[in-house]
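Novice: Have a peek at protein10.cif (mmCIF, C-alpha atoms).
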data_data
loop_
_atom_site.group_PDB
_atom_site.id
_atom_site.type_symbol
_atom_site.label_atom_id
_atom_site.label_comp_id
_atom_site.auth_asym_id
_atom_site.auth_seq_id
_atom_site.Cartn_x
_atom_site.Cartn_y
_atom_site.Cartn_z
ATOM 1 C CA MET W 95 0.000 0.000 0.000
ATOM 2 C CA ILE W 96 1.292 3.469 -0.894
ATOM 3 C CA ASN W 97 2.440 5.800 1.865
ATOM 4 C CA MET W 98 0.964 8.987 0.387
ATOM 5 C CA GLN W 99 3.219 11.294 2.360
ATOM 6 C CA GLU W 100 6.408 9.533 1.290
ATOM 7 C CA PHE W 101 5.139 9.304 -2.299
ATOM 8 C CA ILE W 102 4.632 13.078 -2.437
ATOM 9 C CA GLU W 103 8.007 13.735 -0.809
ATOM 10 C CA GLY W 104 9.732 11.582 -3.422
ATOM 11 C CA GLN W 105 8.086 13.167 -6.472
ATOM 12 C CA ASN W 106 9.004 16.377 -8.317
ATOM 13 C CA MET W 107 5.551 16.752 -9.874
ATOM 14 C CA PHE W 108 4.087 18.521 -6.815
ATOM 15 C CA LYS W 109 4.854 21.951 -5.421
ATOM 16 C CA LYS W 110 5.786 21.488 -1.771
ATOM 17 C CA TYR W 111 7.505 23.235 1.095
ATOM 18 C CA HIS W 112 9.167 21.597 4.087
ATOM 19 C CA VAL W 113 9.259 23.482 7.373
ATOM 20 C CA ASP W 114 10.959 21.218 9.889
ATOM 21 C CA ASP W 115 8.495 18.301 10.288
ATOM 22 C CA LEU W 116 5.654 20.079 8.469
ATOM 23 C CA LEU W 117 4.977 19.393 4.796
ATOM 24 C CA PHE W 118 2.875 21.850 2.752
ATOM 25 C CA VAL W 119 1.730 20.517 -0.632
ATOM 26 C CA GLU W 120 -0.202 21.741 -3.641
ATOM 27 C CA PHE W 121 -1.599 18.491 -5.006
ATOM 28 C CA ARG W 122 -2.529 18.903 -8.672
ATOM 29 C CA CYS W 123 -3.215 15.591 -10.325
ATOM 30 C CA PRO W 124 -5.808 14.243 -12.789
ATOM 31 C CA THR W 125 -8.013 11.784 -10.936
ATOM 32 C CA ASP W 126 -9.795 8.764 -12.364
ATOM 33 C CA GLU W 127 -12.497 6.309 -11.383
ATOM 34 C CA SER W 128 -10.196 3.827 -9.691
ATOM 35 C CA ALA W 129 -10.179 3.269 -5.941
ATOM 36 C CA ASP W 130 -6.773 3.307 -4.253
ATOM 37 C CA SER W 131 -5.961 2.541 -0.641
ATOM 38 C CA VAL W 132 -3.310 4.824 0.828
ATOM 39 C CA TRP W 133 -1.869 5.595 4.234
ATOM 40 C CA TRP W 134 0.295 8.237 5.900
ATOM 41 C CA HIS W 135 2.312 8.281 9.111
ATOM 42 C CA ASN W 136 1.473 11.871 10.116
ATOM 43 C CA ASN W 137 -1.815 13.730 10.467
ATOM 44 C CA LEU W 138 -3.181 15.585 7.457
ATOM 45 C CA PHE W 139 -5.270 18.622 6.599
ATOM 46 C CA ALA W 140 -6.733 18.577 3.064
ATOM 47 C CA TYR W 141 -8.570 21.523 1.471
ATOM 48 C CA VAL W 142 -10.068 21.244 -2.024
ATOM 49 C CA LEU W 143 -9.450 24.214 -4.309
ATOM 50 C CA THR W 144 -11.020 22.792 -7.472
ATOM 51 C CA GLY W 145 -12.676 19.541 -8.516
ATOM 52 C CA GLU W 146 -14.133 16.762 -6.422
ATOM 53 C CA THR W 147 -12.958 13.627 -4.666
ATOM 54 C CA ARG W 148 -14.472 10.865 -2.528
ATOM 55 C CA LEU W 149 -12.741 9.462 0.537
ATOM 56 C CA LYS W 150 -13.780 6.279 2.342
ATOM 57 C CA SER W 151 -12.786 5.283 5.843
ATOM 58 C CA LEU W 152 -13.812 2.139 7.711
ATOM 59 C CA HIS W 153 -17.258 3.480 8.633
ATOM 60 C CA ASN W 154 -18.013 6.471 6.416
ATOM 61 C CA GLU W 155 -17.667 7.962 2.959
ATOM 62 C CA TYR W 156 -17.118 11.660 2.310
ATOM 63 C CA VAL W 157 -17.494 13.715 -0.854
ATOM 64 C CA LEU W 158 -15.198 16.750 -0.945
ATOM 65 C CA ARG W 159 -15.837 19.637 -3.312
ATOM 66 C CA GLU W 160 -14.465 23.144 -3.745
ATOM 67 C CA ARG W 161 -13.718 24.830 -0.375
ATOM 68 C CA ASP W 162 -14.365 21.631 1.596
ATOM 69 C CA CYS W 163 -11.797 20.761 4.243
ATOM 70 C CA ILE W 164 -11.148 17.516 6.081
ATOM 71 C CA PHE W 165 -8.691 16.338 8.694
ATOM 72 C CA ALA W 166 -7.249 12.831 8.463
ATOM 73 C CA LYS W 167 -5.649 11.186 11.459
ATOM 74 C CA LYS W 168 -2.535 9.178 10.774
ATOM 75 C CA GLY W 169 -3.781 5.939 9.230
ATOM 76 C CA SER W 170 -5.309 4.569 6.038
ATOM 77 C CA ILE W 171 -8.245 5.400 3.781
ATOM 78 C CA THR W 172 -9.536 4.591 0.309
ATOM 79 C CA ILE W 173 -9.604 7.345 -2.312
ATOM 80 C CA GLN W 174 -12.510 6.917 -4.743
ATOM 81 C CA SER W 175 -12.431 9.618 -7.420
ATOM 82 C CA HIS W 176 -14.150 10.727 -10.603
ATOM 83 C CA ILE W 177 -12.389 11.629 -13.844
ATOM 84 C CA GLN W 178 -11.267 15.245 -13.453
ATOM 85 C CA GLU W 179 -8.415 17.109 -15.071
ATOM 86 C CA ASN W 180 -8.623 20.163 -12.826
ATOM 87 C CA PHE W 181 -8.480 18.553 -9.404
ATOM 88 C CA CYS W 182 -6.355 20.526 -6.949
ATOM 89 C CA GLN W 183 -6.118 20.414 -3.183
ATOM 90 C CA LEU W 184 -3.821 21.850 -0.552
ATOM 91 C CA MET W 185 -2.397 19.415 1.974
ATOM 92 C CA VAL W 186 -0.536 19.950 5.225
ATOM 93 C CA PHE W 187 1.087 16.912 6.860
ATOM 94 C CA MET W 188 1.661 17.411 10.576
ATOM 95 C CA PRO W 189 3.192 15.181 13.282
ATOM 96 C CA ASP W 190 1.697 14.879 16.771
ATOM 97 C CA ASP W 191 4.646 16.718 18.275
ATOM 98 C CA PHE W 192 3.688 19.897 16.422
ATOM 99 C CA ILE W 193 0.456 20.081 18.439
ATOM 100 C CA ARG W 194 2.278 19.515 21.730
ATOM 101 C CA THR W 195 4.943 22.095 20.878
ATOM 102 C CA THR W 196 2.364 24.705 19.861
ATOM 103 C CA VAL W 197 0.396 24.215 23.093
ATOM 104 C CA ARG W 198 3.536 24.647 25.196
ATOM 105 C CA LYS W 199 4.846 27.570 23.156
ATOM 106 C CA TYR W 200 1.687 29.651 23.496
ATOM 107 C CA LYS W 201 0.750 28.353 26.963
ATOM 108 C CA ILE W 202 -2.667 27.207 25.786
ATOM 109 C CA THR W 203 -4.763 25.781 28.581
ATOM 110 C CA PHE W 204 -7.813 23.588 28.247
ATOM 111 C CA LYS W 205 -9.558 20.969 30.303
ATOM 112 C CA LEU W 206 -8.081 17.627 29.394
ATOM 113 C CA SER W 207 -10.378 14.642 29.437
ATOM 114 C CA GLU W 208 -9.533 10.984 29.857
ATOM 115 C CA ASP W 209 -12.486 10.108 27.620
ATOM 116 C CA GLN W 210 -11.246 8.418 24.489
ATOM 117 C CA ASP W 211 -11.953 9.911 21.092
ATOM 118 C CA HIS W 212 -13.988 7.416 19.080
ATOM 119 C CA SER W 213 -14.480 9.609 16.012
ATOM 120 C CA ASP W 214 -13.669 8.390 12.534
ATOM 121 C CA THR W 215 -10.235 8.447 10.914
ATOM 122 C CA LEU W 216 -11.578 11.340 8.844
ATOM 123 C CA ILE W 217 -12.965 14.448 10.552
ATOM 124 C CA PRO W 218 -14.880 16.912 8.324
ATOM 125 C CA ILE W 219 -14.087 20.505 9.259
ATOM 126 C CA PRO W 220 -16.871 23.107 9.151
ATOM 127 C CA ASN W 221 -16.344 25.621 6.372
ATOM 128 C CA ASP W 222 -15.933 29.058 7.916
ATOM 129 C CA ASP W 223 -13.881 32.234 7.551
ATOM 130 C CA ILE W 224 -11.021 30.881 9.680
ATOM 131 C CA ILE W 225 -10.486 27.764 7.575
ATOM 132 C CA ASP W 226 -11.191 29.510 4.281
ATOM 133 C CA SER W 227 -8.899 32.457 4.885
ATOM 134 C CA TYR W 228 -6.029 30.239 6.012
ATOM 135 C CA PHE W 229 -6.041 27.942 2.991
ATOM 136 C CA GLN W 230 -6.717 30.732 0.509
ATOM 137 C CA SER W 231 -3.699 32.584 1.897
ATOM 138 C CA LEU W 232 -1.676 29.363 1.637
ATOM 139 C CA ALA W 233 -2.751 29.014 -2.003
ATOM 140 C CA VAL W 234 -1.241 32.428 -2.746
ATOM 141 C CA HIS W 235 2.215 31.153 -1.756
ATOM 142 C CA PHE W 236 1.957 28.306 -4.257
ATOM 143 C CA SER W 237 0.966 30.711 -7.046
ATOM 144 C CA GLN W 238 4.159 32.753 -6.638
ATOM 145 C CA ASN W 239 7.559 31.972 -8.121
ATOM 146 C CA ASN W 240 9.497 32.728 -4.953
ATOM 147 C CA SER W 241 9.455 30.346 -2.022
ATOM 148 C CA PRO W 242 7.661 31.702 1.057
ATOM 149 C CA ASN W 243 9.462 32.449 4.293
ATOM 150 C CA PRO W 244 9.495 29.152 6.264
ATOM 151 C CA GLU W 245 8.941 30.946 9.563
ATOM 152 C CA LEU W 246 5.864 32.669 8.120
ATOM 153 C CA LEU W 247 4.435 29.320 7.004
ATOM 154 C CA ARG W 248 4.958 27.910 10.478
ATOM 155 C CA LEU W 249 3.476 30.931 12.259
ATOM 156 C CA LYS W 250 0.354 31.003 10.103
ATOM 157 C CA PHE W 251 -0.182 27.283 10.657
ATOM 158 C CA GLU W 252 0.329 27.687 14.400
ATOM 159 C CA GLU W 253 -2.343 30.389 14.293
ATOM 160 C CA LEU W 254 -4.775 27.938 12.671
ATOM 161 C CA ILE W 255 -4.082 25.323 15.355
ATOM 162 C CA ILE W 256 -4.553 27.906 18.130
ATOM 163 C CA ASN W 257 -7.900 28.978 16.648
ATOM 164 C CA ILE W 258 -9.053 25.362 16.596
ATOM 165 C CA LEU W 259 -7.891 24.638 20.143
ATOM 166 C CA THR W 260 -9.412 27.782 21.645
ATOM 167 C CA SER W 261 -12.731 27.645 19.805
ATOM 168 C CA ARG W 262 -15.619 26.954 22.160
ATOM 169 C CA ASN W 263 -18.361 25.800 19.810
ATOM 170 C CA ARG W 264 -16.706 24.629 16.601
ATOM 171 C CA TYR W 265 -14.265 21.873 15.626
ATOM 172 C CA GLN W 266 -15.296 19.758 18.622
ATOM 173 C CA SER W 267 -14.110 16.389 17.271
ATOM 174 C CA LEU W 268 -10.852 17.849 15.997
ATOM 175 C CA ARG W 269 -10.230 19.780 19.208
ATOM 176 C CA HIS W 270 -10.873 16.634 21.223
ATOM 177 C CA TYR W 271 -8.345 14.726 19.095
ATOM 178 C CA PHE W 272 -5.731 17.458 19.575
ATOM 179 C CA GLN W 273 -6.318 17.343 23.316
ATOM 180 C CA GLU W 274 -5.842 13.577 23.256
ATOM 181 C CA ILE W 275 -2.476 14.120 21.581
ATOM 182 C CA CYS W 276 -1.450 16.492 24.374
ATOM 183 C CA LEU W 277 -2.726 14.166 27.083
ATOM 184 C CA HIS W 278 -0.852 11.074 25.908
ATOM 185 C CA GLU W 279 2.793 10.735 24.945
ATOM 186 C CA ARG W 280 1.984 8.210 22.211
ATOM 187 C CA PRO W 281 -1.184 7.523 20.231
ATOM 188 C CA SER W 282 -3.584 4.832 21.364
ATOM 189 C CA LEU W 283 -2.518 1.492 19.951
ATOM 190 C CA LYS W 284 -6.048 0.168 20.385
ATOM 191 C CA ASP W 285 -7.708 3.064 18.521
ATOM 192 C CA ILE W 286 -5.296 2.923 15.611
ATOM 193 C CA MET W 287 -5.672 -0.830 15.193
ATOM 194 C CA GLU W 288 -9.472 -0.673 15.436
ATOM 195 C CA MET W 289 -9.597 1.986 12.705
ATOM 196 C CA ASN W 290 -7.020 0.431 10.370
ATOM 197 C CA PHE W 291 -7.253 -3.362 10.719
ATOM 198 C CA HIS W 292 -8.971 -3.638 7.324
ATOM 199 C CA LYS W 293 -5.956 -2.335 5.426
ATOM 200 C CA ASN W 294 -3.153 -4.567 4.207
ATOM 201 C CA LEU W 295 -0.356 -2.896 6.146
ATOM 202 C CA SER W 296 2.741 -4.674 7.416
ATOM 203 C CA LEU W 297 3.424 -4.996 11.133
ATOM 204 C CA GLU W 298 6.272 -2.511 10.685
ATOM 205 C CA GLU W 299 3.803 -0.007 9.216
ATOM 206 C CA TYR W 300 1.306 -0.555 12.023
ATOM 207 C CA ALA W 301 4.110 -0.012 14.516
ATOM 208 C CA ARG W 302 5.056 3.232 12.782
ATOM 209 C CA LEU W 303 1.452 4.451 12.932
ATOM 210 C CA THR W 304 1.446 3.889 16.680
ATOM 211 C CA ALA W 305 4.838 5.634 17.124
ATOM 212 C CA ARG W 306 6.445 2.506 18.550
ATOM 213 C CA SER W 307 9.322 0.272 17.599
ATOM 214 C CA LEU W 308 8.274 -3.089 16.181
ATOM 215 C CA THR W 309 9.424 -4.857 19.355
ATOM 216 C CA THR W 310 7.516 -2.477 21.642
ATOM 217 C CA PHE W 311 4.470 -2.663 19.393
ATOM 218 C CA LYS W 312 4.358 -6.468 19.610
ATOM 219 C CA GLN W 313 4.881 -6.449 23.378
ATOM 220 C CA GLU W 314 2.164 -3.870 24.054
ATOM 221 C CA PHE W 315 -0.177 -5.538 21.572
ATOM 222 C CA LYS W 316 0.158 -8.902 23.330
ATOM 223 C CA LYS W 317 -0.516 -7.270 26.691
ATOM 224 C CA LEU W 318 -3.533 -5.351 25.368
ATOM 225 C CA PHE W 319 -5.262 -8.016 23.259
ATOM 226 C CA ASN W 320 -3.816 -11.204 24.788
ATOM 227 C CA THR W 321 -2.841 -12.495 21.349
ATOM 228 C CA SER W 322 -0.355 -11.763 18.582
ATOM 229 C CA PRO W 323 -0.954 -8.980 16.000
ATOM 230 C CA GLY W 324 -1.128 -11.524 13.172
ATOM 231 C CA LYS W 325 -3.835 -13.639 14.815
ATOM 232 C CA TRP W 326 -5.827 -10.580 15.906
ATOM 233 C CA LEU W 327 -5.730 -9.044 12.414
ATOM 234 C CA LYS W 328 -6.795 -12.311 10.782
ATOM 235 C CA ASN W 329 -9.813 -12.735 13.081
ATOM 236 C CA LYS W 330 -10.773 -9.076 12.899
ATOM 237 C CA ARG W 331 -10.658 -9.113 9.092
ATOM 238 C CA LEU W 332 -12.652 -12.350 8.916
ATOM 239 C CA ASP W 333 -15.360 -10.947 11.187
ATOM 240 C CA TYR W 334 -15.497 -7.797 9.069
ATOM 241 C CA SER W 335 -15.716 -9.809 5.844
ATOM 242 C CA ARG W 336 -18.609 -11.769 7.349
ATOM 243 C CA TYR W 337 -20.355 -8.492 8.163
ATOM 244 C CA LEU W 338 -19.898 -7.287 4.578
ATOM 245 C CA LEU W 339 -21.238 -10.560 3.162
ATOM 246 C CA GLU W 340 -24.304 -10.345 5.386
ATOM 247 C CA THR W 341 -25.091 -6.663 4.878
ATOM 248 C CA THR W 342 -23.949 -5.749 1.342
ATOM 249 C CA LYS W 343 -24.105 -7.045 -2.218
ATOM 250 C CA LEU W 344 -20.408 -6.493 -2.833
ATOM 251 C CA SER W 345 -18.622 -9.094 -4.917
ATOM 252 C CA ILE W 346 -16.432 -11.665 -3.180
ATOM 253 C CA ASP W 347 -13.376 -9.966 -4.699
ATOM 254 C CA ASP W 348 -14.430 -6.601 -3.258
ATOM 255 C CA VAL W 349 -15.136 -8.120 0.159
ATOM 256 C CA CYS W 350 -11.702 -9.737 0.096
ATOM 257 C CA ASP W 351 -10.028 -6.433 -0.784
ATOM 258 C CA LEU W 352 -12.016 -4.277 1.650
ATOM 259 C CA SER W 353 -11.297 -6.682 4.501
ATOM 260 C CA GLY W 354 -7.528 -6.400 4.074
ATOM 261 C CA PHE W 355 -6.660 -9.821 2.650
ATOM 262 C CA LYS W 356 -3.773 -10.119 0.194
ATOM 263 C CA ASN W 357 -5.509 -12.452 -2.252
ATOM 264 C CA LYS W 358 -8.800 -14.254 -2.784
ATOM 265 C CA SER W 359 -7.362 -17.732 -2.278
ATOM 266 C CA HIS W 360 -6.007 -16.902 1.162
ATOM 267 C CA PHE W 361 -9.256 -15.162 2.075
ATOM 268 C CA THR W 362 -11.419 -18.104 0.949
ATOM 269 C CA ASN W 363 -9.371 -20.685 2.849
ATOM 270 C CA ALA W 364 -9.258 -18.614 6.038
ATOM 271 C CA PHE W 365 -12.987 -17.847 5.869
ATOM 272 C CA LYS W 366 -13.894 -21.504 5.341
ATOM 273 C CA GLU W 367 -11.680 -22.560 8.249
ATOM 274 C CA LYS W 368 -13.428 -20.168 10.656
ATOM 275 C CA PHE W 369 -17.027 -20.228 9.393
ATOM 276 C CA GLU W 370 -17.122 -23.783 7.926
ATOM 277 C CA SER W 371 -18.097 -22.692 4.414
ATOM 278 C CA PRO W 372 -16.468 -20.559 1.690
ATOM 279 C CA PRO W 373 -17.630 -16.945 1.320
ATOM 280 C CA ALA W 374 -19.972 -17.457 -1.645
ATOM 281 C CA GLN W 375 -21.704 -20.429 -0.034
ATOM 282 C CA PHE W 376 -21.938 -18.611 3.291
ATOM 283 C CA ARG W 377 -23.714 -15.696 1.597
ATOM 284 C CA ASN W 378 -26.177 -18.022 -0.138
ATOM 285 C CA LEU W 379 -27.017 -19.676 3.171
ATOM 286 C CA GLN W 380 -27.959 -16.291 4.645
ATOM 287 C CA GLN W 381 -30.561 -15.608 1.957
#
Any chance you could put this one into C-alpha cells?
Specialist:
Amino acid sequence: MINMQEFIEGQNMFKKYHVDDLLFVEFRCPTDESADSVWWHNNLFAYVLTGETRLKSLHNEYVLRERDCIFAKKGSITIQSHIQENFCQLMVFMPDDFIRTTVRKYKITFKLSEDQDHSDTLIPIPNDDIIDSYFQSLAVHFSQNNSPNPELLRLKFEELIINILTSRNRYQSLRHYFQEICLHERPSLKDIMEMNFHKNLSLEEYARLTARSLTTFKQEFKKLFNTSPGKWLKNKRLDYSRYLLETTKLSIDDVCDLSGFKNKSHFTNAFKEKFESPPAQFRNLQQ
C-alpha cells in the first residue's frame, strides 16, 4: 500500500515546502475512477481548491468539493475519485509533536479529558472564515515563483491550530483529538488498530502508525489483546468480511479487498476454516 506522504516527498511533480516536520503541498493531479488505498504516518489537513474527490474510511464515505476541508488522522483510507483534469487540493502533513509544541509555546490551557476519542479516521471541518482564509492565503504562496518564508508558514499554521484549540463551539471532534495528543505521549494502539485493521499494512507499518518500535508494538499488543498482531488481524478481518457478506451485495473480490486480505485464495481458505463454508456459499445460506 502506498504511503501517500512519502510518495509526495519523493516526487518532483508537486509543489511542496518543508518546514521542519511540516509538509505543505499543492496536489494537482488528474483523478480517475479507480479506488486506491493509501496511508500516511502523520496527520493531514486537506482543502479542495477545485474539482471533487471521494474518501472512504472504515465506517463512512465523504465527498469533498471546492472549499471543503477535512482532517485525516494518521492511518489509512480509500480514495474513490471521478475523472477530473482540474483537481487541486492543498495538503498539510503534521506530526503529533507539532500540536504539543504549539500548546507549550503559546501556553494554551484547556480541560483535558480521559475520555477516548472514538471519532472516525476522517474528521470533516466546518467551512468558515477561519479555515477559508487560512487555505486561501496558503494558495497564494503556491501561485508565486518565490518560495515563502518558512517561519511565516509555520506561524500562520500555528495560528490555525490555536484557533481550533481555543474555539468553544466549533471543531469539537478535531479539538478533542488534539487534546488527546497532548494528554498522551503516544497515540492509542487500540484506537489505531481498530480503525485500520482492514488495510493490508505490514506490522512494521502498524508499529510506525502507533509511534512505537516493532518490538515495543508487539509487546504492548500482546498485553492489550492477549494475542499476537497476526492472529488478531486475521480474526478481525474475517469478522469484518462476514459483516460485509451479510449486509452488502459487494462481490467476493471486493469483500476480500475491503477486509484487508492479500488475495482471494487466502481469504477463501481462512474464511472456510473459521465459518465452515467458503464466502460465496456462506452468503447463499444467509438468503
Novice: Check what the PyMOL selection byres ((chain W and resi 145) around 9) selects in the file above and give those residues as a ChimeraX atom specification.
Specialist: /W:142-144,146-147,158-160,178-183
Novice: Using the chain letters and numbers from this file, what does the PyMOL selection byres ((chain W and resi 354) around 7) select? Give the answer as a ChimeraX atom specification.
Specialist: /W:292-294,331,350-353,355-356
Novice: Name every residue that the PyMOL selection byres ((chain W and resi 184) around 9) selects in this structure, writing the answer as an NGL selection string with chains first and numbers rising.
Specialist: :W and (118-122 or 139-143 or 182-183 or 185-186 or 229 or 232-233)
Novice: Which residues are close to range 268-274 of chain W, i.e. within 12 Å by all atoms listed in the file, leaving aside same-chain residues fewer than 2 positions away? Reply as a PyMOL selection string.
Specialist: chain W and resi 137-139+164-168+188-197+202-220+254-266+276-282+285
Novice: Identify, on the basis of all atoms listed in the file, every residue whose closest approach to range 308-319 of chain W does not exceed 8 Å; exclude the query and any residue fewer than 5 positions from it along the same chain; express the result as a list in words.
Specialist: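 In the requested format, the answer is Leu283, Lys284, Leu297, Glu298, Ala301, Arg302 and Trp326 of chain W.
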Novice: So which one's closest to Leu338 in chain W, W:His153, W:Lys325, W:Lys109, W:Lys201? Using all atoms listed in the file, please.
Specialist: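 Of W:His153, W:Lys325, W:Lys109, W:Lys201, the one nearest Leu338 in chain W is W:His153, counting all atoms listed in the file.
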Novice: Quick one: of W:Asn136, W:Asn378, W:Ser231, W:Asn97, who's nearest to Leu303 in chain W, counting all atoms listed in the file?
Specialist: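 Comparing W:Asn136, W:Asn378, W:Ser231, W:Asn97 against Leu303 in chain W, the winner is W:Asn136.
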Novice: Using only C-alpha atoms, which residue out of W:Lys328, W:Arg148, W:Lys110, W:Lys358 lies closest to Asp162 in chain W?
Specialist: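 When distances to Asp162 in chain W are compared using only C-alpha atoms, the smallest one comes from W:Arg148.
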Novice: From the list W:Ile173, W:Ile225, W:Val113, W:Ile275, which residue is nearest Met98 in chain W when using only C-alpha atoms?
Specialist: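 Of W:Ile173, W:Ile225, W:Val113, W:Ile275, the one nearest Met98 in chain W, counting only C-alpha atoms, is W:Ile173.
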Novice: Mind pulling up the distance from CA of Arg377 in chain W to CA of Thr342 in chain W?
Specialist: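 Atom-to-atom, CA of Thr342 in chain W and CA of Arg377 in chain W are spaced 10.0 Å apart.
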Novice: Separation of CA of Gln380 in chain W and CA of Ser335 in chain W, in Å?
Specialist: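 It comes out at 13.9 Å.
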Novice: Of the candidates W:Tyr111, W:Asn221, W:Asn106, W:Thr362, which shows the shortest atom-to-atom distance to Asn243 in chain W, using only C-alpha atoms?
Specialist: W:Tyr111
Novice: Would you work out the distance separating CA of Asn290 in chain W from CA of Lys330 in chain W, expressed in Å to one decimal?
Specialist: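 A separation of 10.5 Å between them.
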Novice: Calculate, to one decimal in Å, the centre and edge lengths of the box along x, y and z of the file that holds all listed atoms of range 293-299 of chain W with 4 Å of margin on each side, and present them as AutoDock Vina command-line options.
Specialist:
--center_x 0.2 --center_y -2.5 --center_z 7.7 --size_x 20.2 --size_y 13.0 --size_z 14.9
Novice: Could you check which of W:His360, W:Phe251, W:Arg336, W:Gln105 is closest to Ala374 in chain W, using all atoms listed in the file?
Specialist: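 Among the listed residues, the smallest separation from Ala374 in chain W belongs to W:Arg336.
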